[in-house]
$ cat query.cif   # mmCIF, C-alpha atoms
data_start
#
loop_
_atom_site.group_PDB
_atom_site.id
_atom_site.type_symbol
_atom_site.label_atom_id
_atom_site.label_comp_id
_atom_site.auth_asym_id
_atom_site.auth_seq_id
_atom_site.Cartn_x
_atom_site.Cartn_y
_atom_site.Cartn_z
ATOM 1 C CA MET A 1 0.000 0.000 0.000
ATOM 2 C CA SER A 2 1.428 3.393 -0.979
ATOM 3 C CA LYS A 3 1.933 5.968 1.749
ATOM 4 C CA PRO A 4 -1.099 8.294 1.872
ATOM 5 C CA GLU A 5 -0.804 12.053 1.527
ATOM 6 C CA LEU A 6 -0.197 13.731 4.884
ATOM 7 C CA LYS A 7 -3.504 15.121 6.101
ATOM 8 C CA HIS A 8 -4.615 16.659 9.390
ATOM 9 C CA PHE A 9 -8.088 17.015 10.931
ATOM 10 C CA LEU A 10 -8.005 20.341 12.765
ATOM 11 C CA GLN A 11 -11.362 21.791 11.710
ATOM 12 C CA PHE A 12 -14.447 20.133 10.242
ATOM 13 C CA LYS A 13 -13.955 21.987 6.950
ATOM 14 C CA ASP A 14 -10.543 20.327 6.472
ATOM 15 C CA PHE A 15 -12.381 17.455 4.751
ATOM 16 C CA SER A 16 -14.735 17.515 1.776
ATOM 17 C CA ARG A 17 -18.269 16.188 1.681
ATOM 18 C CA GLU A 18 -17.047 13.232 -0.363
ATOM 19 C CA GLU A 19 -14.435 12.407 2.289
ATOM 20 C CA PHE A 20 -17.066 12.503 5.035
ATOM 21 C CA ASP A 21 -19.323 10.205 3.001
ATOM 22 C CA TYR A 22 -16.417 7.762 2.867
ATOM 23 C CA LEU A 23 -15.668 8.127 6.589
ATOM 24 C CA PHE A 24 -19.285 7.570 7.596
ATOM 25 C CA GLU A 25 -19.430 4.424 5.487
ATOM 26 C CA ARG A 26 -16.198 3.195 7.084
ATOM 27 C CA THR A 27 -17.676 4.001 10.497
ATOM 28 C CA ARG A 28 -20.672 1.828 9.714
ATOM 29 C CA ALA A 29 -18.455 -1.101 8.683
ATOM 30 C CA ILE A 30 -16.010 -0.745 11.588
ATOM 31 C CA LYS A 31 -18.845 -0.485 14.111
ATOM 32 C CA ALA A 32 -20.506 -3.591 12.659
ATOM 33 C CA GLN A 33 -17.243 -5.517 13.067
ATOM 34 C CA PHE A 34 -16.931 -4.312 16.661
ATOM 35 C CA LYS A 35 -20.495 -5.356 17.482
ATOM 36 C CA SER A 36 -19.957 -8.839 16.030
ATOM 37 C CA TYR A 37 -16.641 -9.313 17.912
ATOM 38 C CA GLN A 38 -14.574 -9.521 14.726
ATOM 39 C CA ARG A 39 -10.943 -8.598 15.284
ATOM 40 C CA TYR A 40 -9.787 -5.877 12.916
ATOM 41 C CA TRP A 41 -6.190 -4.698 13.350
ATOM 42 C CA PRO A 42 -5.246 -2.474 10.380
ATOM 43 C CA LEU A 43 -3.074 -0.283 12.635
ATOM 44 C CA SER A 44 -1.040 -3.082 14.177
ATOM 45 C CA ASP A 45 2.266 -1.736 15.543
ATOM 46 C CA ARG A 46 1.125 1.867 15.007
ATOM 47 C CA THR A 47 1.269 4.395 17.853
ATOM 48 C CA LEU A 48 -1.118 7.190 18.767
ATOM 49 C CA VAL A 49 0.221 9.947 21.014
ATOM 50 C CA MET A 50 -2.523 11.755 22.946
ATOM 51 C CA ILE A 51 -1.579 15.191 24.303
ATOM 52 C CA PHE A 52 -3.940 16.645 26.886
ATOM 53 C CA GLU A 53 -3.960 20.176 28.248
ATOM 54 C CA LYS A 54 -7.711 20.067 28.968
ATOM 55 C CA ALA A 55 -9.290 17.377 31.130
ATOM 56 C CA SER A 56 -11.273 14.629 29.414
ATOM 57 C CA THR A 57 -13.319 11.479 29.874
ATOM 58 C CA ARG A 58 -14.842 10.622 26.491
ATOM 59 C CA THR A 59 -11.966 11.921 24.368
ATOM 60 C CA ARG A 60 -9.283 9.913 26.154
ATOM 61 C CA LEU A 61 -11.387 6.778 26.454
ATOM 62 C CA SER A 62 -12.601 6.804 22.839
ATOM 63 C CA PHE A 63 -9.172 7.451 21.330
ATOM 64 C CA GLU A 64 -7.267 5.073 23.606
ATOM 65 C CA ALA A 65 -9.801 2.255 23.233
ATOM 66 C CA GLY A 66 -10.112 3.004 19.521
ATOM 67 C CA ILE A 67 -6.431 2.678 18.646
ATOM 68 C CA GLN A 68 -6.192 -0.511 20.715
ATOM 69 C CA GLN A 69 -9.204 -1.985 18.925
ATOM 70 C CA LEU A 70 -7.434 -1.220 15.636
ATOM 71 C CA GLY A 71 -4.360 -3.128 16.843
ATOM 72 C CA GLY A 72 -2.239 -0.129 17.810
ATOM 73 C CA ALA A 73 -1.072 1.438 21.053
ATOM 74 C CA ALA A 74 -1.748 4.761 22.768
ATOM 75 C CA ILE A 75 0.647 6.954 24.746
ATOM 76 C CA TYR A 76 -0.887 9.544 27.073
ATOM 77 C CA LEU A 77 0.945 12.847 27.625
ATOM 78 C CA ASN A 78 -0.328 15.567 29.921
ATOM 79 C CA THR A 79 1.268 18.958 29.394
ATOM 80 C CA ARG A 80 1.722 19.285 33.167
ATOM 81 C CA ASP A 81 3.948 16.200 33.145
ATOM 82 C CA SER A 82 5.964 16.909 29.999
ATOM 83 C CA GLN A 83 8.337 19.532 28.640
ATOM 84 C CA LEU A 84 5.400 21.159 26.847
ATOM 85 C CA GLY A 85 4.281 22.324 30.279
ATOM 86 C CA ARG A 86 7.737 23.697 31.023
ATOM 87 C CA GLY A 87 8.041 26.025 28.080
ATOM 88 C CA GLU A 88 9.244 23.786 25.237
ATOM 89 C CA PRO A 89 8.104 25.360 21.956
ATOM 90 C CA VAL A 90 5.178 23.603 20.319
ATOM 91 C CA GLU A 91 7.179 23.466 17.090
ATOM 92 C CA ASP A 92 10.053 21.576 18.757
ATOM 93 C CA ALA A 93 7.695 19.146 20.467
ATOM 94 C CA ALA A 94 5.997 18.423 17.139
ATOM 95 C CA GLN A 95 9.319 17.641 15.468
ATOM 96 C CA VAL A 96 10.241 15.115 18.172
ATOM 97 C CA ILE A 97 6.858 13.524 18.886
ATOM 98 C CA SER A 98 6.043 13.023 15.216
ATOM 99 C CA ARG A 99 9.316 11.119 14.704
ATOM 100 C CA MET A 100 8.268 8.606 17.372
ATOM 101 C CA SER A 101 4.606 8.037 16.511
ATOM 102 C CA ASP A 102 2.182 7.512 13.649
ATOM 103 C CA VAL A 103 -0.655 9.878 14.580
ATOM 104 C CA VAL A 104 -1.133 12.586 17.216
ATOM 105 C CA MET A 105 -4.309 13.786 18.944
ATOM 106 C CA ILE A 106 -4.233 17.084 20.857
ATOM 107 C CA ARG A 107 -6.865 18.421 23.283
ATOM 108 C CA THR A 108 -5.918 21.949 24.280
ATOM 109 C CA PHE A 109 -7.091 25.546 24.584
ATOM 110 C CA GLU A 110 -6.137 27.754 21.622
ATOM 111 C CA GLN A 111 -6.611 26.500 18.065
ATOM 112 C CA ASP A 112 -3.281 28.110 17.245
ATOM 113 C CA ILE A 113 -1.528 25.378 19.254
ATOM 114 C CA VAL A 114 -2.828 22.507 17.111
ATOM 115 C CA GLU A 115 -2.216 24.513 13.937
ATOM 116 C CA ARG A 116 1.427 25.164 14.889
ATOM 117 C CA PHE A 117 1.936 21.555 15.943
ATOM 118 C CA ALA A 118 0.503 20.239 12.664
ATOM 119 C CA ALA A 119 2.661 22.626 10.614
ATOM 120 C CA ASN A 120 5.754 20.968 12.139
ATOM 121 C CA SER A 121 4.529 17.367 12.287
ATOM 122 C CA ARG A 122 5.587 14.500 10.040
ATOM 123 C CA VAL A 123 2.415 12.540 10.921
ATOM 124 C CA PRO A 124 -1.325 13.312 10.938
ATOM 125 C CA VAL A 125 -2.624 15.526 13.735
ATOM 126 C CA ILE A 126 -6.193 15.372 15.071
ATOM 127 C CA ASN A 127 -7.930 18.149 16.980
ATOM 128 C CA GLY A 128 -9.426 16.467 20.063
ATOM 129 C CA LEU A 129 -10.936 19.809 21.157
ATOM 130 C CA THR A 130 -9.899 23.448 21.279
ATOM 131 C CA ASN A 131 -11.639 26.609 22.444
ATOM 132 C CA GLU A 132 -12.715 27.196 18.847
ATOM 133 C CA TYR A 133 -13.647 23.763 17.430
ATOM 134 C CA HIS A 134 -14.563 20.174 18.306
ATOM 135 C CA PRO A 135 -14.600 18.355 14.938
ATOM 136 C CA CYS A 136 -14.514 14.753 16.215
ATOM 137 C CA GLN A 137 -17.613 15.405 18.325
ATOM 138 C CA ILE A 138 -19.617 16.695 15.381
ATOM 139 C CA MET A 139 -18.511 13.752 13.253
ATOM 140 C CA ALA A 140 -20.036 11.507 15.922
ATOM 141 C CA ASP A 141 -23.182 13.628 16.176
ATOM 142 C CA ILE A 142 -23.806 13.591 12.444
ATOM 143 C CA TYR A 143 -23.076 9.893 12.149
ATOM 144 C CA THR A 144 -25.587 9.265 14.950
ATOM 145 C CA TYR A 145 -28.268 11.101 12.975
ATOM 146 C CA ILE A 146 -27.391 9.263 9.753
ATOM 147 C CA GLU A 147 -27.439 5.921 11.556
ATOM 148 C CA GLN A 148 -30.871 6.553 13.089
ATOM 149 C CA ARG A 149 -32.657 8.775 10.550
ATOM 150 C CA GLY A 150 -30.738 8.797 7.247
ATOM 151 C CA SER A 151 -29.082 11.614 5.314
ATOM 152 C CA ILE A 152 -28.603 14.931 7.091
ATOM 153 C CA GLN A 153 -28.568 16.901 3.833
ATOM 154 C CA GLY A 154 -31.304 19.534 3.859
ATOM 155 C CA LYS A 155 -32.216 18.909 7.500
ATOM 156 C CA THR A 156 -32.499 21.527 10.256
ATOM 157 C CA VAL A 157 -30.431 21.589 13.439
ATOM 158 C CA ALA A 158 -31.440 23.819 16.354
ATOM 159 C CA TRP A 159 -28.518 24.863 18.539
ATOM 160 C CA ILE A 160 -29.752 26.233 21.872
ATOM 161 C CA GLY A 161 -27.337 27.989 24.236
ATOM 162 C CA ASP A 162 -23.748 29.208 24.050
ATOM 163 C CA SER A 163 -22.115 29.748 20.644
ATOM 164 C CA ASN A 164 -19.064 27.770 21.720
ATOM 165 C CA ASN A 165 -16.613 25.406 20.000
ATOM 166 C CA VAL A 166 -19.283 22.741 19.433
ATOM 167 C CA CYS A 167 -21.663 25.287 17.930
ATOM 168 C CA ASN A 168 -18.907 26.642 15.665
ATOM 169 C CA THR A 169 -18.245 23.145 14.376
ATOM 170 C CA TRP A 170 -21.927 22.478 13.683
ATOM 171 C CA LEU A 171 -21.880 25.643 11.565
ATOM 172 C CA GLN A 172 -18.849 24.475 9.578
ATOM 173 C CA ALA A 173 -20.449 21.053 9.099
ATOM 174 C CA ALA A 174 -23.617 22.669 7.723
ATOM 175 C CA GLU A 175 -21.574 24.347 4.989
ATOM 176 C CA VAL A 176 -19.710 21.152 4.090
ATOM 177 C CA LEU A 177 -22.675 18.744 4.233
ATOM 178 C CA ASP A 178 -25.459 21.115 3.118
ATOM 179 C CA PHE A 179 -27.868 21.345 6.025
ATOM 180 C CA HIS A 180 -29.205 24.263 8.051
ATOM 181 C CA VAL A 181 -28.449 25.395 11.613
ATOM 182 C CA ARG A 182 -30.621 27.698 13.682
ATOM 183 C CA VAL A 183 -28.713 29.210 16.591
ATOM 184 C CA SER A 184 -30.401 30.773 19.607
ATOM 185 C CA THR A 185 -28.212 32.380 22.260
ATOM 186 C CA PRO A 186 -28.797 34.975 24.955
ATOM 187 C CA PRO A 187 -27.805 38.545 24.020
ATOM 188 C CA GLY A 188 -24.039 38.920 24.060
ATOM 189 C CA TYR A 189 -23.325 35.270 23.242
ATOM 190 C CA GLU A 190 -24.088 35.333 19.513
ATOM 191 C CA VAL A 191 -22.102 33.528 16.816
ATOM 192 C CA GLU A 192 -18.894 35.245 15.738
ATOM 193 C CA ILE A 193 -18.641 34.545 12.003
ATOM 194 C CA GLU A 194 -14.863 34.914 11.750
ATOM 195 C CA ARG A 195 -14.174 32.873 14.902
ATOM 196 C CA ALA A 196 -16.461 30.118 13.619
ATOM 197 C CA GLY A 197 -14.414 29.936 10.423
ATOM 198 C CA LEU A 198 -17.399 30.199 8.096
ATOM 199 C CA LEU A 199 -17.346 30.844 4.378
ATOM 200 C CA GLY A 200 -20.696 32.635 4.496
ATOM 201 C CA THR A 201 -24.003 32.875 6.347
ATOM 202 C CA GLY A 202 -26.222 30.908 3.974
ATOM 203 C CA HIS A 203 -26.482 27.792 6.134
ATOM 204 C CA PHE A 204 -27.467 29.309 9.468
ATOM 205 C CA GLU A 205 -29.769 31.832 11.132
ATOM 206 C CA GLN A 206 -29.636 33.424 14.560
ATOM 207 C CA PHE A 207 -32.786 33.548 16.709
ATOM 208 C CA ALA A 208 -33.489 35.591 19.804
ATOM 209 C CA ASP A 209 -36.258 33.148 20.807
ATOM 210 C CA PRO A 210 -35.074 29.561 21.431
ATOM 211 C CA MET A 211 -38.567 28.171 20.858
ATOM 212 C CA ALA A 212 -38.614 29.729 17.401
ATOM 213 C CA ALA A 213 -35.223 28.148 16.643
ATOM 214 C CA ALA A 214 -36.496 24.695 17.651
ATOM 215 C CA GLN A 215 -39.726 24.967 15.613
ATOM 216 C CA GLY A 216 -39.747 22.105 13.077
ATOM 217 C CA ALA A 217 -36.123 21.107 13.749
ATOM 218 C CA ASP A 218 -34.825 17.611 12.995
ATOM 219 C CA ILE A 219 -32.120 17.804 15.683
ATOM 220 C CA VAL A 220 -32.202 19.825 18.892
ATOM 221 C CA THR A 221 -28.807 20.074 20.541
ATOM 222 C CA THR A 222 -27.017 22.017 23.247
ATOM 223 C CA ASP A 223 -23.978 22.033 25.527
ATOM 224 C CA VAL A 224 -23.137 23.169 29.042
ATOM 225 C CA TRP A 225 -23.594 26.864 29.649
ATOM 226 C CA THR A 226 -20.090 27.249 31.069
ATOM 227 C CA SER A 227 -17.335 25.626 29.008
ATOM 228 C CA MET A 228 -13.874 24.799 30.335
ATOM 229 C CA GLY A 229 -11.868 27.959 30.777
ATOM 230 C CA PHE A 230 -14.924 30.116 31.548
ATOM 231 C CA GLU A 231 -15.581 28.937 35.112
ATOM 232 C CA ALA A 232 -15.182 32.463 36.501
ATOM 233 C CA GLU A 233 -18.304 33.448 34.528
ATOM 234 C CA ASN A 234 -20.451 30.605 35.874
ATOM 235 C CA GLU A 235 -22.831 32.603 38.087
ATOM 236 C CA GLU A 236 -23.370 35.236 35.406
ATOM 237 C CA ARG A 237 -23.978 32.575 32.776
ATOM 238 C CA LEU A 238 -26.522 30.761 34.964
ATOM 239 C CA ARG A 239 -28.544 33.964 35.029
ATOM 240 C CA ASP A 240 -28.076 34.824 31.351
ATOM 241 C CA PHE A 241 -28.985 31.352 30.046
ATOM 242 C CA ALA A 242 -31.941 30.656 32.352
ATOM 243 C CA ASP A 243 -34.460 30.796 29.467
ATOM 244 C CA TRP A 244 -32.345 28.619 27.152
ATOM 245 C CA GLN A 245 -32.992 25.216 28.687
ATOM 246 C CA VAL A 246 -33.982 22.425 26.281
ATOM 247 C CA ASP A 247 -37.117 21.014 27.898
ATOM 248 C CA ALA A 248 -40.098 18.891 26.879
ATOM 249 C CA GLU A 249 -42.027 21.923 25.639
ATOM 250 C CA MET A 250 -39.175 22.807 23.289
ATOM 251 C CA MET A 251 -38.927 19.253 21.970
ATOM 252 C CA ARG A 252 -42.664 19.266 21.251
ATOM 253 C CA VAL A 253 -42.309 22.123 18.755
ATOM 254 C CA ALA A 254 -39.572 20.245 16.873
ATOM 255 C CA ARG A 255 -40.472 17.576 14.319
ATOM 256 C CA PRO A 256 -42.122 14.441 15.732
ATOM 257 C CA GLN A 257 -39.064 12.353 14.779
ATOM 258 C CA ALA A 258 -36.579 14.931 16.064
ATOM 259 C CA ILE A 259 -33.678 13.738 18.179
ATOM 260 C CA PHE A 260 -31.887 15.375 21.084
ATOM 261 C CA LEU A 261 -28.081 15.422 21.198
ATOM 262 C CA HIS A 262 -25.593 16.616 23.824
ATOM 263 C CA CYS A 263 -21.821 16.133 23.731
ATOM 264 C CA LEU A 264 -21.702 15.511 27.521
ATOM 265 C CA PRO A 265 -21.105 15.950 30.376
ATOM 266 C CA ALA A 266 -24.591 17.357 30.963
ATOM 267 C CA HIS A 267 -26.051 19.366 33.824
ATOM 268 C CA ARG A 268 -29.653 18.248 34.252
ATOM 269 C CA GLY A 269 -31.802 21.183 35.276
ATOM 270 C CA GLU A 270 -29.531 23.698 33.554
ATOM 271 C CA GLU A 271 -29.037 23.441 29.771
ATOM 272 C CA VAL A 272 -31.359 20.412 29.517
ATOM 273 C CA SER A 273 -34.146 18.969 31.619
ATOM 274 C CA ALA A 274 -33.854 15.429 32.943
ATOM 275 C CA GLU A 275 -37.086 14.606 31.109
ATOM 276 C CA VAL A 276 -35.436 15.360 27.761
ATOM 277 C CA ILE A 277 -31.956 13.885 28.183
ATOM 278 C CA ASP A 278 -33.372 10.703 29.722
ATOM 279 C CA GLY A 279 -36.350 10.579 27.367
ATOM 280 C CA ALA A 280 -37.198 8.634 24.222
ATOM 281 C CA GLN A 281 -35.914 11.301 21.793
ATOM 282 C CA SER A 282 -32.489 11.474 23.396
ATOM 283 C CA LEU A 283 -29.686 9.670 21.573
ATOM 284 C CA VAL A 284 -26.861 10.944 23.777
ATOM 285 C CA TRP A 285 -25.588 7.471 24.705
ATOM 286 C CA ASP A 286 -25.437 6.326 21.071
ATOM 287 C CA GLU A 287 -23.779 9.664 20.304
ATOM 288 C CA ALA A 288 -21.152 9.119 23.010
ATOM 289 C CA GLU A 289 -20.403 5.579 21.795
ATOM 290 C CA ASN A 290 -20.112 6.770 18.223
ATOM 291 C CA ARG A 291 -17.124 8.921 19.163
ATOM 292 C CA LEU A 292 -15.276 5.600 19.391
ATOM 293 C CA HIS A 293 -16.326 4.392 15.955
ATOM 294 C CA VAL A 294 -15.965 7.598 13.921
ATOM 295 C CA GLN A 295 -12.514 8.178 15.401
ATOM 296 C CA LYS A 296 -11.434 4.661 14.447
ATOM 297 C CA ALA A 297 -12.501 5.396 10.877
ATOM 298 C CA LEU A 298 -10.690 8.733 11.066
ATOM 299 C CA MET A 299 -7.413 7.252 12.341
ATOM 300 C CA GLU A 300 -7.541 4.483 9.757
ATOM 301 C CA TYR A 301 -8.027 7.065 6.989
ATOM 302 C CA LEU A 302 -5.310 9.433 8.166
ATOM 303 C CA VAL A 303 -2.718 6.675 8.643
ATOM 304 C CA LEU A 304 -3.542 4.312 5.769
ATOM 305 C CA GLY A 305 -5.586 6.350 3.313
ATOM 306 C CA ARG A 306 -8.665 4.788 1.749
ATOM 307 C CA VAL A 307 -9.214 1.091 2.171
ATOM 308 C CA ASN A 308 -11.537 -1.145 0.193
ATOM 309 C CA LEU A 309 -15.077 -0.990 1.565
#
$ encode --input "query.cif" --output "structure tokens"
Amino acid sequence: MSKPELKHFLQFKDFSREEFDYLFERTRAIKAQFKSYQRYWPLSDRTLVMIFEKASTRTRLSFEAGIQQLGGAAIYLNTRDSQLGRGEPVEDAAQVISRMSDVVMIRTFEQDIVERFAANSRVPVINGLTNEYHPCQIMADIYTYIEQRGSIQGKTVAWIGDSNNVCNTWLQAAEVLDFHVRVSTPPGYEVEIERAGLLGTGHFEQFADPMAAAQGADIVTTDVWTSMGFEAENEERLRDFADWQVDAEMMRVARPQAIFLHCLPAHRGEEVSAEVIDGAQSLVWDEAENRLHVQKALMEYLVLGRVNL
């Protein structure tokens, strides 16, 4: 097999619609193998380095389990316990780490860090989360919809709450995969077009009223009101977002077959009611599991290129 072109996955828009179609089909096949206990080790003897500056449950578990299920090994690095936390330039770390591994996943604060690392890396780099974007999460979210309801093209997603990294990535995905996002945030928390990395505004609308945003939606989704790094604003945000809870009344104005998604962890009684997240329309547990499967497809693609379906 010829060595694939070096590619990174730092923002959702780094891949084309055709590439995502391929990745979602690979996800389906890899998940089916996993569920039927078929061993599949295409990344035997390959090493994933995971660099964490932000705490994680699902990201570490899904990447570490994923590379092992593909036959490879994972090495965990926390910036507090490495030279990256003692002032080593990101560029130098990338030169060294990429000579000793086959793929790197970074979960950090500023997007600039993963961009600089990738620019100096000899191996693929994956954005495991930054303040600006969370592309692996939205891959899992969209695959969950496709798996349960079919194509997302032309569908409507209602984002209720903070216009954070997850929201920004939904907006990029809408441009790449041709669906529509309605965003409702409290005043002062609106989408920043440049920060979101959008090409235009044709695939989303902003709504002052969250109920109006959810009207007729195919997916209703949200995130915590206070993301990591904004803890000092927690009390203020609790007041500002009080009317932006996804509850049963909001789900009733969405389409009858609408689903509820949340990247987790969730705060029941804040951004979502217990009735919704634990209800029949919630697919949050499938969504969480699908992080594992889409990331296996992603690592396979970045390391090996396309394989026969």
$ resolve_selection --input "query.cif" --expression "the PyMOL selection byres ((chain A and resi 156) around 10)" --output "number ranges by chain"
A: 152-155, 157-159, 174, 179-182, 203-204, 213-220, 254-255, 258
$ resolve_selection --input "query.cif" --expression "the PyMOL selection byres ((chain A and resi 47) around 12)" --output "MDAnalysis selection string"
chainID A and resid 43:46 48:50 63:64 66:68 70:76 97:105 123:124 299:300 303
$ resolve_selection --input "query.cif" --expression "the PyMOL selection byres ((chain A and resi 134) around 10)" --output "JSON, numbers by chain"
{"A": [10, 11, 12, 107, 127, 128, 129, 130, 131, 132, 133, 135, 136, 137, 138, 139, 164, 165, 166, 167, 168, 169, 170, 263]}
$ residues_near_point --input "query.cif" --point "(-24.1, 17.3, 32.0)" --cutoff "7 Å" --atoms "only C-alpha atoms" --output "PDB file with C-alpha atoms, in the frame of the given file"
ATOM      1  CA  VAL A 224     -23.137  23.169  29.042  1.00  0.00           C
ATOM      2  CA  LEU A 264     -21.702  15.511  27.521  1.00  0.00           C
ATOM      3  CA  PRO A 265     -21.105  15.950  30.376  1.00  0.00           C
ATOM      4  CA  ALA A 266     -24.591  17.357  30.963  1.00  0.00           C
ATOM      5  CA  HIS A 267     -26.051  19.366  33.824  1.00  0.00           C
ATOM      6  CA  ARG A 268     -29.653  18.248  34.252  1.00  0.00           C
TER       7      ARG A 268
END
$ atom_distance --input "query.cif" --atom1 "atom CA of Ile146 of chain A" --atom2 "atom CA of Asp21 of chain A"
10.6 Å
$ atom_distance --input "query.cif" --atom1 "atom CA of Tyr37 of chain A" --atom2 "atom CA of Ile142 of chain A"
24.6 Å
$ residues_around --input "query.cif" --residues "Leu198 of chain A" --least-positions-apart "5" --cutoff "8 Å" --atoms "all atoms listed in the file" --output "ChimeraX atom specification"
/A:171-172,175,193
$ write_last_selection --input "query.cif" --atoms "C-alpha atoms" --output "compact mmCIF listing (two decimals), keeping the file's coordinate frame"
# COMPACT_ATOMS: atom_id res chain seq x y z
CA LEU A 171 -21.88 25.64 11.56
CA GLN A 172 -18.85 24.48 9.58
CA GLU A 175 -21.57 24.35 4.99
CA ILE A 193 -18.64 34.54 12.00
$ atom_distance --input "query.cif" --atom1 "atom CA of Ile51 of chain A" --atom2 "atom CA of Ser227 of chain A"
19.5 Å
$ build_atoms --input "query.cif" --residues "segment 188-200 of chain A" --atoms "N, CA and C atoms" --output "short mmCIF file (atom, residue, chain, number, x, y, z; two decimals), keeping the file's coordinate frame"
data_model
loop_
_atom_site.label_atom_id
_atom_site.label_comp_id
_atom_site.auth_asym_id
_atom_site.auth_seq_id
_atom_site.Cartn_x
_atom_site.Cartn_y
_atom_site.Cartn_z
N GLY A 188 -25.44 38.86 23.66
CA GLY A 188 -24.04 38.92 24.06
C GLY A 188 -23.27 37.64 23.83
N TYR A 189 -23.97 36.57 23.45
CA TYR A 189 -23.32 35.27 23.24
C TYR A 189 -23.50 34.78 21.80
N GLU A 190 -23.79 35.71 20.89
CA GLU A 190 -24.09 35.33 19.51
C GLU A 190 -22.86 34.76 18.78
N VAL A 191 -23.15 34.10 17.66
CA VAL A 191 -22.10 33.53 16.82
C VAL A 191 -21.18 34.63 16.29
N GLU A 192 -19.88 34.36 16.35
CA GLU A 192 -18.89 35.24 15.74
C GLU A 192 -18.44 34.59 14.43
N ILE A 193 -18.83 35.16 13.31
CA ILE A 193 -18.64 34.54 12.00
C ILE A 193 -17.17 34.21 11.75
N GLU A 194 -16.28 35.14 12.02
CA GLU A 194 -14.86 34.91 11.75
C GLU A 194 -14.30 33.83 12.67
N ARG A 195 -14.66 33.87 13.94
CA ARG A 195 -14.17 32.87 14.90
C ARG A 195 -14.67 31.48 14.53
N ALA A 196 -15.90 31.41 14.02
CA ALA A 196 -16.46 30.12 13.62
C ALA A 196 -15.81 29.57 12.36
N GLY A 197 -15.10 30.39 11.62
CA GLY A 197 -14.41 29.94 10.42
C GLY A 197 -15.34 29.64 9.27
N LEU A 198 -16.40 30.46 9.13
CA LEU A 198 -17.40 30.20 8.10
C LEU A 198 -17.05 30.87 6.78
N LEU A 199 -17.52 30.26 5.70
CA LEU A 199 -17.35 30.84 4.38
C LEU A 199 -18.41 31.89 4.10
N GLY A 200 -19.59 31.71 4.71
CA GLY A 200 -20.70 32.64 4.50
C GLY A 200 -21.73 32.47 5.59
#
